[in-house]
Every structure is written in C-alpha cells, then in structure tokens.
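Engineer: Here it is: the structure, laid out below.
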Amino acid sequence: MNLSAFAPVPPAHAYPGLFVSFEGGDGVGKTTQIELLSEALGKSGIAHRRTREPGGTELGAQIRRLLLHGGEVSPRAEALLYAADRAHHVDSVVRPALARGEVVLTDRYLDSSIAYQGAARALGPQEVRDLSLWATGGLLPDLTILLDAEPFVGAARAGARGPSDRLEQEPVAFHSALREQFLVLARQEPERIKVVDADRPVEEVAAEVCGLVERLIAVHGAGRS
C-alpha cells in the first residue's frame, strides 16, 4: 500500500465548517488557549466543537491511557496507536462537526505525531505524516496554531499541573528536538501553520489566537447559523 498517495485535502474545500488545530510542546498552554477561544466564540454565537487527541472519543480515551499512563510502548507501536486514534476521531467527531458547519478546535492533530514520533522518536517525519494522512483520508486543518515556548518553560508549567505523564518525563533533548521539528513544519507550511509566541502573558497570547481564528471565520463564515 502506498501511503504517500493520499494528498492532503483542506476541509474547507469539502465542508462548510472550519478545522483548527493547536500544537506545541508539553506545557505551552494549549488547553488554556482553547478554553479562552471557546469562550470568545461562544459569546459571538459561533457554533464550535472542542476535542483532543488522543482522547476525543471513548476509544481514544482508552488509547490515551495506554500511551500516556501505561507501560513502555515501542516507537512504531506508539505511532500506530496515535494513527488509529486519529482515524476514529476524524470519522466519528471531526468530519461530522465540519459537515454541520461548526468550527472544530482540536488539542493536537497530525503535526504532533510528525514531531513526537517522526522527529523526537526518529521514525522519520515523512513516514509518520504519510501514515496520518492515510488514516484521515488526507484531512488537514484550515489553520494550525503552533504555541511556541522554550522547553524549560513548558516543563515548568507542565510540572505545576501535577504528576507528569510518560511523554512529559522525557529528557530535555527530546523536548528540544520536538520544538525544532514543530518550527520546521511551520517553515514548510507557513500558510497553514501560524507560530504564536507562548512565552508571553496568557492574555496577549489569547488576543493573537482569537485574531487569527476570527479572520478565518470572517472569510469562510463557518459557525454562523
């Protein structure tokens, strides 16, 4: 099977909704920024759906427990489990919401797999990207917001949340490689991936994030009844 035969297909070409993913290393503030954006969209009457990977479905929640809080998982098995979660998540949550015209906000998507398993786990970014594109039928976000922060900043924030998961416990070199791969992806796809400096105060980051999403909604009209 030729996985690379699946060309990326931006959802706006096929659906009335908009697909927005949030990426970045551990502790950069993705959950906080999604919550703030969700509040802003709700106040504006924009229909939207919040979700995450892994864990956006019942099956995904089980996969998340295995990946983040279970025993050791080999790199290839890890990549395949994330791809399985992504395939189910897209079919059961993302595509239906996009078909309803909603704005979908996901905490992580395929760029996380490319950075974590492709680069930091040294499986090969292109191979992992092709696997995710095959799993999702080529579905790419309309907009990816990359929250960028120094690894030590993210580590401190993650530690303040409580006990760390298996990925958060990786050494600094892992998280540095992860950050660099995210930035490489942003340079490769500047129209889709927007880098936002997450070292700033939460309110400043939120204002920039909201601005990016609001401009996209104004163009496409998604989320409005």
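Identifiers in the structure tokens: chain A, B, ... in order shown; residue index from 1 per chain; ligand index from 1 in order shown.
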Could the residues of stretch 62-148 of chain A that have an atom at most 6 Å from stretch 192-198 of chain A be listed as JSON lines, each with its closest atom pair and the distance in Å to one decimal, counting only C-alpha atoms and ordered by chain and ascending residue number?
Structural biologist:
```
{"residue": "A:Leu143", "atom": "CA", "partner": "A:Arg192", "partner_atom": "CA", "distance": 4.9}
{"residue": "A:Thr144", "atom": "CA", "partner": "A:Ile193", "partner_atom": "CA", "distance": 4.6}
{"residue": "A:Ile145", "atom": "CA", "partner": "A:Lys194", "partner_atom": "CA", "distance": 5.1}
{"residue": "A:Leu146", "atom": "CA", "partner": "A:Val195", "partner_atom": "CA", "distance": 4.8}
{"residue": "A:Leu147", "atom": "CA", "partner": "A:Val196", "partner_atom": "CA", "distance": 5.0}
{"residue": "A:Asp148", "atom": "CA", "partner": "A:Ala198", "partner_atom": "CA", "distance": 5.2}
```
Engineer: Would you list, as a VMD selection string, the residues of stretch 42-150 of chain A that end up in helix (DSSP H, G or I) under DSSP run on this structure's backbone?
Structural biologist: chain A and resid 42 to 43 58 to 69 75 to 99 110 to 120 125 to 136
Engineer: Using C-alpha atoms, can you export the residues from the last selection as an mmCIF file, in the first residue's frame?
Structural biologist:
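Contents of again-v1.cif, freshly written:
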```
data_model
loop_
_atom_site.group_PDB
_atom_site.id
_atom_site.type_symbol
_atom_site.label_atom_id
_atom_site.label_comp_id
_atom_site.auth_asym_id
_atom_site.auth_seq_id
_atom_site.Cartn_x
_atom_site.Cartn_y
_atom_site.Cartn_z
ATOM 1 C CA GLY A 42 -19.489 31.222 22.397
ATOM 2 C CA LYS A 43 -20.014 34.894 23.214
ATOM 3 C CA GLU A 58 -14.331 6.666 24.102
ATOM 4 C CA LEU A 59 -11.848 4.560 22.144
ATOM 5 C CA GLY A 60 -9.407 7.463 22.165
ATOM 6 C CA ALA A 61 -9.637 7.749 25.956
ATOM 7 C CA GLN A 62 -8.547 4.129 26.270
ATOM 8 C CA ILE A 63 -5.693 4.655 23.820
ATOM 9 C CA ARG A 64 -4.668 7.799 25.729
ATOM 10 C CA ARG A 65 -4.398 5.816 28.984
ATOM 11 C CA LEU A 66 -2.222 3.218 27.273
ATOM 12 C CA LEU A 67 0.043 5.786 25.629
ATOM 13 C CA LEU A 68 0.488 8.302 28.433
ATOM 14 C CA HIS A 69 -0.036 6.346 31.633
ATOM 15 C CA PRO A 75 8.154 3.911 18.934
ATOM 16 C CA ARG A 76 6.459 2.178 15.988
ATOM 17 C CA ALA A 77 3.638 0.856 18.147
ATOM 18 C CA GLU A 78 3.229 4.352 19.578
ATOM 19 C CA ALA A 79 2.918 5.866 16.089
ATOM 20 C CA LEU A 80 0.377 3.251 15.035
ATOM 21 C CA LEU A 81 -1.747 3.747 18.159
ATOM 22 C CA TYR A 82 -1.854 7.512 17.580
ATOM 23 C CA ALA A 83 -2.824 6.906 13.943
ATOM 24 C CA ALA A 84 -5.612 4.524 14.994
ATOM 25 C CA ASP A 85 -6.971 7.104 17.431
ATOM 26 C CA ARG A 86 -6.772 9.802 14.746
ATOM 27 C CA ALA A 87 -8.629 7.716 12.160
ATOM 28 C CA HIS A 88 -11.502 7.040 14.561
ATOM 29 C CA HIS A 89 -11.515 10.618 15.868
ATOM 30 C CA VAL A 90 -11.781 12.129 12.380
ATOM 31 C CA ASP A 91 -14.535 9.779 11.246
ATOM 32 C CA SER A 92 -16.671 9.997 14.379
ATOM 33 C CA VAL A 93 -16.090 13.561 15.625
ATOM 34 C CA VAL A 94 -14.243 15.903 13.258
ATOM 35 C CA ARG A 95 -15.861 15.252 9.887
ATOM 36 C CA PRO A 96 -19.455 15.220 11.249
ATOM 37 C CA ALA A 97 -18.859 18.563 13.027
ATOM 38 C CA LEU A 98 -17.352 20.097 9.895
ATOM 39 C CA ALA A 99 -20.314 18.843 7.871
ATOM 40 C CA LEU A 110 -1.144 15.038 12.896
ATOM 41 C CA ASP A 111 1.641 17.613 13.351
ATOM 42 C CA SER A 112 2.127 16.277 16.888
ATOM 43 C CA SER A 113 2.739 12.789 15.521
ATOM 44 C CA ILE A 114 5.213 14.152 12.967
ATOM 45 C CA ALA A 115 7.109 15.999 15.704
ATOM 46 C CA TYR A 116 6.882 13.425 18.508
ATOM 47 C CA GLN A 117 7.171 10.114 16.666
ATOM 48 C CA GLY A 118 8.725 11.313 13.408
ATOM 49 C CA ALA A 119 11.487 13.510 14.793
ATOM 50 C CA ALA A 120 11.869 13.054 18.552
ATOM 51 C CA PRO A 125 8.792 12.796 9.734
ATOM 52 C CA GLN A 126 7.604 11.994 6.200
ATOM 53 C CA GLU A 127 6.753 8.386 7.023
ATOM 54 C CA VAL A 128 4.713 9.404 10.066
ATOM 55 C CA ARG A 129 2.990 12.187 8.091
ATOM 56 C CA ASP A 130 2.024 9.746 5.344
ATOM 57 C CA LEU A 131 0.617 7.344 7.946
ATOM 58 C CA SER A 132 -1.604 10.067 9.444
ATOM 59 C CA LEU A 133 -2.756 11.282 6.036
ATOM 60 C CA TRP A 134 -3.726 7.724 5.140
ATOM 61 C CA ALA A 135 -5.546 7.301 8.463
ATOM 62 C CA THR A 136 -7.570 10.500 7.944
#
```
Engineer: Quick check, in Å to one decimal: how far apart do atom CA of A:Asp199 and atom CA of A:Ala149 lie?
Structural biologist: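 That distance, rounded to one decimal, is 5.4 Å.
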Engineer: Considering only C-alpha atoms, state which residue in the set A:Ser44, A:Thr31, A:Ser38, A:Ser21 is at the smallest distance from A:Arg224.
Structural biologist: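 Checking each of A:Ser44, A:Thr31, A:Ser38, A:Ser21 against A:Arg224, counting only C-alpha atoms, the winner is A:Ser44.
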Engineer: Work out how far atom CA of A:His175 is from atom CA of A:Gly25, in Å to one decimal.
Structural biologist: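 Rounded to one decimal, the two atoms are 7.0 Å apart.
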Engineer: Would you mind writing down, as number ranges by chain, each residue of stretch 8-66 of chain A that DSSP on the backbone assigns to strand (DSSP E)?
Structural biologist: A: 18-23, 48-52
Engineer: Would you write out those residues with N, CA and C atoms, as a compact mmCIF listing (two decimals), in the first residue's frame?
Structural biologist:
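File written: result_20.txt
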```
# COMPACT_ATOMS: atom_id res chain seq x y z
N LEU A 18 -14.97 24.81 9.74
CA LEU A 18 -13.54 25.13 9.76
C LEU A 18 -12.84 24.23 10.77
N PHE A 19 -11.64 23.82 10.42
CA PHE A 19 -10.87 22.90 11.26
C PHE A 19 -9.62 23.62 11.75
N VAL A 20 -9.51 23.79 13.09
CA VAL A 20 -8.39 24.50 13.70
C VAL A 20 -7.70 23.57 14.70
N SER A 21 -6.41 23.36 14.52
CA SER A 21 -5.66 22.53 15.46
C SER A 21 -4.68 23.38 16.26
N PHE A 22 -4.42 22.95 17.49
CA PHE A 22 -3.45 23.60 18.36
C PHE A 22 -2.30 22.63 18.60
N GLU A 23 -1.08 23.11 18.39
CA GLU A 23 0.10 22.27 18.54
C GLU A 23 1.14 22.96 19.41
N HIS A 48 -19.26 25.74 17.70
CA HIS A 48 -17.94 25.12 17.65
C HIS A 48 -17.91 23.85 18.48
N ARG A 49 -16.88 23.06 18.25
CA ARG A 49 -16.70 21.80 18.95
C ARG A 49 -15.27 21.70 19.43
N ARG A 50 -15.08 21.46 20.74
CA ARG A 50 -13.76 21.25 21.31
C ARG A 50 -13.48 19.76 21.39
N THR A 51 -12.26 19.37 21.05
CA THR A 51 -11.89 17.96 21.14
C THR A 51 -10.38 17.86 21.33
N ARG A 52 -9.86 16.65 21.39
CA ARG A 52 -8.43 16.50 21.59
C ARG A 52 -7.96 15.14 21.08
```
Engineer: Using atom CA of A:Glu208 and atom CA of A:Tyr109 as the two end points, give the distance in Å to one decimal.
Structural biologist: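 Interatomic distance, atom CA of A:Glu208 to atom CA of A:Tyr109: 20.6 Å.
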